[in-house]
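> Here you go, this is work36.txt (compact mmCIF, C-alpha atoms).
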# COMPACT_ATOMS: atom_id res chain seq x y z
CA MET T 364 27.24 136.89 28.46
CA ARG T 365 24.34 138.58 26.67
CA TRP T 366 26.59 139.19 23.67
CA ILE T 367 27.64 135.56 23.67
CA SER T 368 24.00 134.45 23.74
CA ALA T 369 23.08 136.86 20.96
CA GLY T 370 26.08 135.72 18.93
CA PHE T 371 25.09 132.09 19.41
CA LEU T 372 21.55 132.75 18.16
CA LEU T 373 22.85 134.79 15.23
CA LEU T 374 25.27 132.00 14.31
CA VAL T 375 22.48 129.40 14.38
CA VAL T 376 20.17 131.53 12.23
CA THR T 377 22.95 132.42 9.77
CA GLY T 378 24.08 128.81 9.51
CA THR T 379 20.52 127.69 8.85
CA LEU T 380 20.00 130.27 6.10
CA VAL T 381 23.31 129.38 4.44
CA SER T 382 22.42 125.70 4.59
CA LEU T 383 19.05 126.38 2.98
CA ALA T 384 20.62 128.51 0.27
CA THR T 385 23.08 125.78 -0.70
CA ASP T 386 20.65 122.85 -0.51
CA ARG T 387 18.71 122.35 -3.74
CA ALA T 388 16.07 120.38 -1.88
CA ALA T 389 15.15 123.57 -0.05
CA TYR T 390 13.80 125.02 -3.29
CA HIS T 391 11.00 122.47 -3.24
CA PRO T 392 8.15 124.35 -1.49
CA VAL T 393 6.50 121.27 0.03
CA ARG T 394 9.76 119.98 1.51
CA LEU T 395 10.64 123.45 2.74
CA LEU T 396 7.32 123.86 4.53
CA ARG T 397 7.65 120.42 6.10
CA SER T 398 11.13 121.31 7.34
CA ILE T 399 9.90 124.58 8.82
CA ALA T 400 7.04 122.75 10.54
CA ALA T 401 9.51 120.26 11.98
CA LEU T 402 11.49 123.08 13.61
CA ARG T 403 9.08 123.12 16.54
CA ARG T 404 10.48 119.73 17.52
CA SER T 405 14.07 120.95 17.33
CA PRO T 406 16.01 120.62 20.60
CA PHE T 407 17.31 124.16 20.04
CA LEU T 408 13.78 125.47 20.61
CA ALA T 409 13.06 123.36 23.67
CA PRO T 410 11.98 125.23 26.84
CA ASP T 411 15.03 123.90 28.64
CA VAL T 412 17.33 125.71 26.19
CA VAL T 413 15.53 128.99 26.84
CA ARG T 414 15.75 128.38 30.59
CA ARG T 415 19.47 127.68 30.35
CA LEU T 416 20.11 130.84 28.33
CA ARG T 417 18.18 132.89 30.90
CA ALA T 418 20.22 131.35 33.71
CA TYR T 419 23.48 132.17 31.93
CA ASN T 420 22.46 135.83 31.81
CA LYS T 421 21.51 136.18 35.47
CA PRO T 422 23.68 138.44 37.65
CA GLY T 423 26.49 136.64 39.41
CA PHE T 424 26.16 133.56 37.20
CA HIS T 425 29.08 131.13 37.11
CA PRO T 426 29.34 128.13 34.73
CA ASP T 427 29.66 125.83 37.74
CA ASP T 428 26.25 126.90 39.07
CA PRO T 429 23.91 124.67 36.99
CA ASP T 430 22.99 121.41 38.66
CA ASN T 431 24.32 118.63 36.44
CA THR T 432 23.64 115.83 38.89
CA GLU T 433 21.20 114.17 36.50
CA LEU T 434 23.81 114.12 33.75
CA LEU T 435 26.41 112.71 36.10
CA GLU T 436 24.04 109.93 37.13
CA ARG T 437 22.81 109.12 33.61
CA PRO T 438 23.93 105.67 32.36
CA SER T 439 26.50 105.74 29.58
CA GLY T 440 26.03 104.09 26.23
CA ALA T 441 22.98 103.81 24.01
CA GLY T 442 20.40 101.29 22.99
CA ALA T 443 18.72 98.51 24.90
CA ARG T 444 21.10 96.56 27.08
CA PRO T 445 20.99 94.80 30.44
CA CYS T 446 21.08 97.11 33.42
CA MET T 447 20.17 97.03 37.08
CA LYS T 448 16.97 98.81 38.07
CA ILE T 449 16.79 99.38 41.81
CA THR T 450 13.79 99.71 44.09
CA PRO T 451 14.26 100.14 47.87
CA LEU T 452 14.62 96.42 48.59
CA LEU T 453 14.37 94.77 45.17
CA SER T 454 16.19 94.75 41.83
CA TRP T 455 15.83 92.95 38.55
CA ASN T 456 17.56 92.83 35.18
CA CYS T 457 15.76 94.74 32.45
CA ASN T 458 16.30 96.78 29.32
CA LEU T 459 16.86 100.51 29.57
CA ASP T 460 13.25 101.14 28.55
CA GLY T 461 12.01 99.02 31.46
CA ARG T 462 10.92 95.92 29.52
CA PRO T 463 12.09 92.52 30.85
CA LEU T 464 14.75 90.71 28.89
CA THR T 465 13.40 88.23 26.35
CA GLY T 466 14.72 85.17 24.60
CA ASP T 467 16.78 82.62 26.46
CA ARG T 468 17.88 85.15 29.07
CA GLN T 469 15.95 85.01 32.29
CA VAL T 470 14.87 87.91 34.43
CA ARG T 471 16.86 87.79 37.64
CA ARG T 472 15.19 89.04 40.80
CA THR T 473 17.39 90.03 43.75
CA VAL T 474 16.40 91.06 47.26
CA HIS T 475 18.69 93.68 48.78
CA THR T 476 19.45 94.64 52.34
CA PRO T 477 18.82 98.29 53.22
CA ASP T 478 21.57 100.84 52.57
CA LEU T 479 24.01 101.52 55.34
CA VAL T 480 22.81 104.30 57.59
CA HIS T 481 24.87 107.31 58.53
CA PRO T 482 25.74 107.63 62.23
CA LEU T 483 23.57 110.74 62.42
CA GLY T 484 20.57 108.50 61.77
CA SER T 485 19.58 105.14 63.18
CA GLY T 486 21.56 101.97 62.61
CA HIS T 487 25.30 101.31 62.48
CA ARG T 488 28.06 99.94 60.26
CA THR T 489 30.10 96.86 60.85
CA GLU T 490 33.84 97.21 61.37
CA GLU T 491 34.44 95.68 57.93
CA GLU T 492 32.14 98.24 56.29
CA VAL T 493 33.87 101.11 58.07
CA GLU T 494 37.25 99.81 56.94
CA VAL T 495 36.16 99.52 53.29
CA ALA T 496 34.61 103.00 53.33
CA GLY T 497 37.74 104.42 54.94
CA THR T 498 39.93 102.91 52.26
CA ALA T 499 37.75 104.42 49.52
CA VAL T 500 37.88 107.84 51.17
CA ASP T 501 41.66 107.64 51.48
CA GLU T 502 42.02 106.78 47.81
CA VAL T 503 39.80 109.65 46.70
CA MET T 504 41.58 112.07 49.02
CA ALA T 505 44.86 111.04 47.41
CA GLU T 506 43.39 111.81 43.98
CA LEU T 507 42.21 115.20 45.19
CA ALA T 508 45.65 115.95 46.58
CA ALA T 509 47.16 115.15 43.18
CA LEU T 510 44.76 117.63 41.55
CA GLU T 511 45.72 120.44 43.93
CA ASP T 512 46.90 123.56 42.08
CA PRO T 513 48.39 126.46 44.10
CA LYS T 514 47.23 129.00 41.51
CA VAL T 515 43.65 127.74 41.71
CA ARG T 516 43.81 127.86 45.49
CA ALA T 517 45.06 131.45 45.44
CA VAL T 518 42.14 132.51 43.25
CA ASN T 519 39.62 130.61 45.38
CA GLU T 520 40.95 132.03 48.62
CA ARG T 521 40.29 135.53 47.33
CA HIS T 522 36.63 134.50 47.13
CA GLY T 523 36.58 132.91 50.57
CA ASP T 524 36.97 129.29 49.45
CA ASP T 525 39.61 126.91 50.77
CA HIS T 526 40.45 124.43 48.01
CA GLY T 527 42.84 124.32 45.08
CA VAL T 528 41.15 121.86 42.73
CA ASN T 529 39.89 122.98 39.34
CA LEU T 530 36.12 122.49 39.33
CA GLY T 531 36.12 120.98 35.86
CA LYS T 532 38.52 118.28 37.03
CA LEU T 533 36.46 117.83 40.18
CA ARG T 534 33.34 117.22 38.11
CA ALA T 535 35.21 114.76 35.91
CA LEU T 536 36.22 112.82 39.02
CA ALA T 537 32.61 112.87 40.22
CA LYS T 538 31.44 111.55 36.87
CA ARG T 539 33.86 108.65 37.13
CA LEU T 540 32.89 107.84 40.72
CA LYS T 541 29.16 108.12 39.99
CA THR T 542 26.63 108.24 42.84
CA GLN T 543 28.00 106.76 46.08
CA GLN T 544 26.14 107.91 49.16
CA ASP T 545 28.40 106.26 51.73
CA LEU T 546 31.52 107.61 50.05
CA ALA T 547 29.91 111.05 49.92
CA ARG T 548 29.29 110.97 53.65
CA GLY T 549 32.85 109.85 54.28
CA LEU T 550 34.27 112.65 52.14
CA TRP T 551 32.09 115.21 53.88
CA GLY T 552 33.35 113.99 57.22
CA THR T 553 36.96 114.84 56.31
CA GLY T 554 36.16 118.56 56.53
CA ASP T 555 38.27 119.21 53.42
CA GLY T 556 36.78 121.81 51.05
CA ALA T 557 37.41 119.93 47.80
CA ALA T 558 36.26 116.66 49.37
CA ARG T 559 33.01 118.25 50.49
CA LEU T 560 32.35 119.68 47.04
CA LEU T 561 32.95 116.24 45.56
CA ALA T 562 30.65 114.71 48.17
CA LEU T 563 27.85 117.02 47.09
CA LEU T 564 28.28 115.88 43.48
CA ILE T 565 28.15 112.13 44.17
CA CYS T 566 25.57 112.00 46.96
CA ARG T 567 21.88 111.11 46.81
CA PRO T 568 20.14 114.33 47.92
CA LYS T 569 16.96 112.57 49.02
CA ALA T 570 18.90 110.14 51.22
CA PHE T 571 19.79 112.75 53.83
CA GLU T 572 17.66 113.21 56.92
CA ARG T 573 16.42 116.65 57.89
CA ASP T 574 18.71 117.01 60.93
CA GLU T 575 21.64 115.72 58.92
CA LEU T 576 21.22 118.49 56.35
CA ASP T 577 20.88 121.05 59.13
CA THR T 578 24.16 119.86 60.64
CA MET T 579 25.88 119.95 57.26
CA MET T 580 24.79 123.53 56.65
CA ARG T 581 26.17 124.62 60.00
CA GLU T 582 29.43 122.77 59.30
CA ALA T 583 29.87 124.28 55.84
CA ARG T 584 32.45 127.03 56.16
CA THR T 585 32.99 128.37 52.65
CA PRO T 586 30.70 130.07 50.11
CA LYS T 587 31.08 127.45 47.37
CA VAL T 588 30.30 124.54 49.71
CA GLN T 589 27.33 126.42 51.14
CA ASP T 590 26.00 127.28 47.67
CA TRP T 591 26.36 123.74 46.34
CA LEU T 592 24.80 122.26 49.46
CA VAL T 593 21.71 124.44 49.04
CA ASN T 594 21.42 124.21 45.25
CA TYR T 595 22.48 120.62 44.60
CA VAL T 596 21.18 118.88 47.70
CA VAL T 597 18.73 120.79 49.90
CA LYS T 598 16.56 122.03 47.02
CA LYS T 599 16.06 118.40 45.94
CA SER T 600 15.34 117.16 49.43
CA PRO T 601 11.84 116.41 50.74
CA HIS T 602 12.91 118.45 53.79
CA ALA T 603 13.55 121.65 51.79
CA GLU T 604 10.47 123.54 52.97
CA ASP T 605 10.94 122.52 56.59
CA LEU T 606 14.55 123.69 56.47
CA ARG T 607 13.58 126.91 54.71
CA LEU T 608 11.28 127.81 57.56
CA ALA T 609 13.83 126.79 60.19
CA TRP T 610 16.74 128.65 58.60
CA PHE T 611 14.92 131.79 57.49
CA ALA T 612 15.33 133.67 60.79
CA ASP T 613 18.33 131.75 62.15
CA PRO T 614 20.73 133.90 64.20
CA ASP T 615 23.65 132.60 62.13
CA PRO T 616 23.66 134.86 59.03
CA VAL T 617 25.12 132.12 56.82
CA VAL T 618 22.34 129.72 57.78
CA ALA T 619 19.77 132.51 57.39
CA ALA T 620 21.18 133.19 53.91
CA ALA T 621 20.40 129.59 52.99
CA GLY T 622 16.83 130.13 54.20
CA TRP T 623 16.51 133.23 52.02
CA ALA T 624 17.98 131.37 49.03
CA LEU T 625 15.31 128.68 49.42
CA THR T 626 12.69 131.41 49.77
CA ALA T 627 13.84 133.05 46.53
CA GLU T 628 13.46 129.66 44.87
CA ARG T 629 9.88 129.44 46.11
CA VAL T 630 9.15 132.98 44.94
CA VAL T 631 9.90 131.80 41.41
CA LYS T 632 8.64 128.22 41.37
CA LYS T 633 5.96 127.92 44.06
CA PRO T 634 4.89 131.31 45.43
CA GLU T 635 1.52 130.09 46.66
CA GLY T 636 1.26 130.67 50.40
CA LEU T 637 4.18 133.10 50.59
CA ASP T 638 3.56 136.55 52.07
CA LEU T 639 5.41 138.51 49.39
CA ALA T 640 4.47 141.88 50.90
CA GLY T 641 5.78 140.66 54.26
CA LEU T 642 9.04 139.54 52.66
CA LEU T 643 9.45 143.00 51.16
CA ASP T 644 8.86 144.51 54.61
CA VAL T 645 11.69 142.43 56.08
CA ILE T 646 14.01 143.19 53.15
CA GLU T 647 13.33 146.91 53.42
CA ALA T 648 14.05 146.90 57.15
CA GLU T 649 17.05 144.57 57.33
CA MET T 650 18.88 144.15 54.01
CA LYS T 651 20.92 147.37 54.15
CA ASP T 652 22.87 146.32 57.25
CA ALA T 653 22.85 142.54 56.75
CA PRO T 654 26.17 140.62 56.50
CA ASP T 655 27.40 140.05 52.95
CA ARG T 656 26.07 136.55 52.25
CA LEU T 657 22.73 137.23 53.88
CA GLN T 658 22.49 140.55 52.08
CA TRP T 659 23.15 138.87 48.73
CA ALA T 660 20.44 136.26 49.37
CA MET T 661 17.92 138.90 50.45
CA ASN T 662 18.75 140.99 47.38
CA THR T 663 18.18 137.95 45.17
CA CYS T 664 14.80 137.43 46.77
CA LEU T 665 13.97 141.11 46.25
CA ALA T 666 14.87 140.90 42.57
CA GLU T 667 12.93 137.67 42.02
CA ILE T 668 9.81 139.20 43.57
CA GLY T 669 10.13 142.18 41.24
CA ILE T 670 10.77 140.01 38.19
CA GLU T 671 8.12 137.35 38.74
CA HIS T 672 5.31 139.29 40.40
CA GLY T 673 4.16 142.40 38.57
CA GLU T 674 1.90 143.57 41.37
CA HIS T 675 4.95 143.99 43.63
CA ARG T 676 7.37 145.20 40.95
CA ALA T 677 7.16 148.94 41.61
CA ARG T 678 7.72 148.49 45.33
CA ALA T 679 10.62 146.07 44.79
CA ILE T 680 12.33 148.56 42.48
CA GLY T 681 11.67 151.37 44.94
CA ILE T 682 13.23 149.43 47.81
CA GLY T 683 16.29 148.71 45.70
CA GLU T 684 16.66 152.36 44.72
CA ARG T 685 16.36 153.58 48.31
CA LEU T 686 18.73 151.03 49.86
CA GLU T 687 21.25 151.07 46.97
CA VAL T 688 22.52 147.62 47.96
CA LEU T 689 25.06 146.32 45.39
CA LYS T 690 24.59 149.47 43.31
CA ASP T 691 28.35 149.76 42.77
CA TYR T 692 28.99 146.02 42.43
CA PRO T 693 31.60 145.46 39.67
CA THR T 694 29.91 143.87 36.67
CA SER T 695 31.68 142.43 33.64
CA PRO T 696 30.75 143.75 30.17
CA GLY T 697 27.72 141.96 28.80
CA CYS T 698 26.55 140.83 32.25
CA THR T 699 23.62 142.17 34.26
CA SER T 700 24.24 144.09 37.46
CA PRO T 701 22.95 142.48 40.68
CA PHE T 702 21.62 145.92 41.70
CA ALA T 703 17.94 145.02 42.04
CA PRO T 704 16.36 147.85 39.97
CA ILE T 705 18.68 147.16 37.02
CA TRP T 706 18.31 143.40 37.41
CA ILE T 707 14.52 143.60 37.50
CA ASP T 708 14.29 146.00 34.55
CA GLU T 709 16.57 143.88 32.40
CA MET T 710 14.88 140.55 33.10
CA VAL T 711 11.39 142.00 32.63
CA ARG T 712 12.51 143.54 29.35
CA ARG T 713 13.79 140.18 28.12
CA GLN T 714 10.50 138.57 29.05
CA GLY T 715 8.63 141.18 27.05
CA GLY T 716 7.03 142.82 30.08
CA THR T 717 6.91 146.40 31.28
CA SER T 718 8.87 147.75 34.22
CA PRO T 719 7.75 150.84 36.15
CA ALA T 720 11.25 152.24 35.75
CA ALA T 721 10.84 152.16 31.97
CA ARG T 722 7.68 154.26 31.95
Turn the structure described in the file into structure tokens.

Amino acid sequence: MRWISAGFLLLVVTGTLVSLATDRAAYHPVRLLRSIAALRRSPFLAPDVVRRLRAYNKPGFHPDDPDNTELLERPSGAGARPCMKITPLLSWNCNLDGRPLTGDRQVRRTVHTPDLVHPLGSGHRTEEEVEVAGTAVDEVMAELAALEDPKVRAVNERHGDDHGVNLGKLRALAKRLKTQQDLARGLWGTGDGAARLLALLICRPKAFERDELDTMMREARTPKVQDWLVNYVVKKSPHAEDLRLAWFADPDPVVAAAGWALTAERVVKKPEGLDLAGLLDVIEAEMKDAPDRLQWAMNTCLAEIGIEHGEHRARAIGIGERLEVLKDYPTSPGCTSPFAPIWIDEMVRRQGGTSPAAR
């Protein structure tokens, strides 16, 4: 993946130079300087592009990992046009930029009833609502069955997953369905692997209650469903920190792995209040003999501490070298090994820092 990234950057630079060489306007010094100055506003130099490239080069990265929920929920089309802007109990017609419609078209104000509540929470559905939701679930399940591919299932089963739907096609279906919280809950309730993945793509992460998310994590049986639940839903939930604390030392290693994954996220994005030295103590004592998924999550946390926090870098590398967890993990050419010392050294090098192992 590093070679692909380097090739992409080389292609962009080469294409730019060729374009300048063949454009007579580029020989005008004032225009050329203005164009160079405008480069800082180029989307190719945006921080998000750099973040994406870094993510693509992380150990164990898969193209399905990035959270594209925002893209899936983004309205199609361009320009100002009527749309429905929703508040909890109120909606009105407006332009996409939020200004009321003008001219002879009136702003329409509508009061809404609250969303239907999942049985795990308070409230209930009418029989008619249950019937409609059931019909929608049946229709989507039929579509998923039509997308089933035995070859895809065979590959997924080797990785512990239990579905045979190509993830690209699954995302296309999610894009067409758009966000539907009730449908998402219905699909999750089927227990089907592909249906649960689809549910995680079309749900509203902030609509789930804390206990509901806890139940879902304990119901999730396969690695892909567990990963998507944590990354696409729990991390966006207002209950993320509460669940992190509850799951961190859970006796179920899969649930504990989710707690460690959330902790690794905090190590990077919001380390204030975390006892990083204490985390390293636990990793040093328990990671070597931890079950696979828990071990992977703890190793990720170890690497993130070493990458993001220079004062703990030498110890993090030392722990990785002593425990040798994932040292022999098969790594594709151009990808970074998940072995913590190598992972830390490589990421620090890319960030322009200094690793103790390089001294």
> Write out as a VMD selection string which residues come within 10 Å of range 668-682 of chain T when counting all atoms listed in the file, dropping same-chain ones fewer than 5 positions away.
chain T and resid 627 630 to 632 634 639 to 640 642 to 644 646 to 648 650 662 to 663 687 to 688 702 to 712 714 716 to 720
> Interatomic distance between CA of Thr542 in chain T and CA of Cys566 in chain T?
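Those two atoms sit 5.7 Å apart.
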> For the atom pair CA of Trp551 in chain T and CA of Ala621 in chain T, what is the interatomic distance in Å to one decimal place?
18.6 Å
> What does the distance from CA of Ser695 in chain T to CA of Asp590 in chain T come to in Å, to one decimal?
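Spanning CA of Ser695 in chain T to CA of Asp590 in chain T is a straight-line distance of 21.4 Å.
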> Excluding Ala619 in chain T and its own-chain neighbours fewer than 6 positions away, which residues fall within 12 Å of it when counting only C-alpha atoms? Please give them as a list in words.
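Listing them by chain and then by number gives Asp577, Met580, Arg581, Gln589, Val593, Leu606, Arg607, Leu608, Ala609, Trp610, Phe611, Ala612, Asp613, Leu625, Thr626, Ala653, Pro654, Asp655, Arg656, Leu657, Gln658, Trp659, Ala660 and Met661 of chain T.
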> Calculated over all atoms listed in the file, which of the candidates T:Pro696, T:Asn529, T:Thr585, T:Arg713 has the smallest distance to Ile367 in chain T?
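Nearest candidate to Ile367 in chain T out of T:Pro696, T:Asn529, T:Thr585, T:Arg713: T:Pro696.
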> Could you check which of T:Glu604, T:Glu520, T:Asp545, T:Glu572 is closest to Lys587 in chain T, using only C-alpha atoms?
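Closest candidate: T:Glu520.
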> Using all atoms listed in the file, which of the listed residues (T:Val518, T:Leu546, T:Val596, T:Ala537) sits closest to Asp501 in chain T?
T:Leu546
> Can you work out which one of T:Lys541, T:Lys651, T:His602, T:Arg584 has the shortest atom-to-atom distance to Asp555 in chain T, counting only C-alpha atoms?
T:Arg584
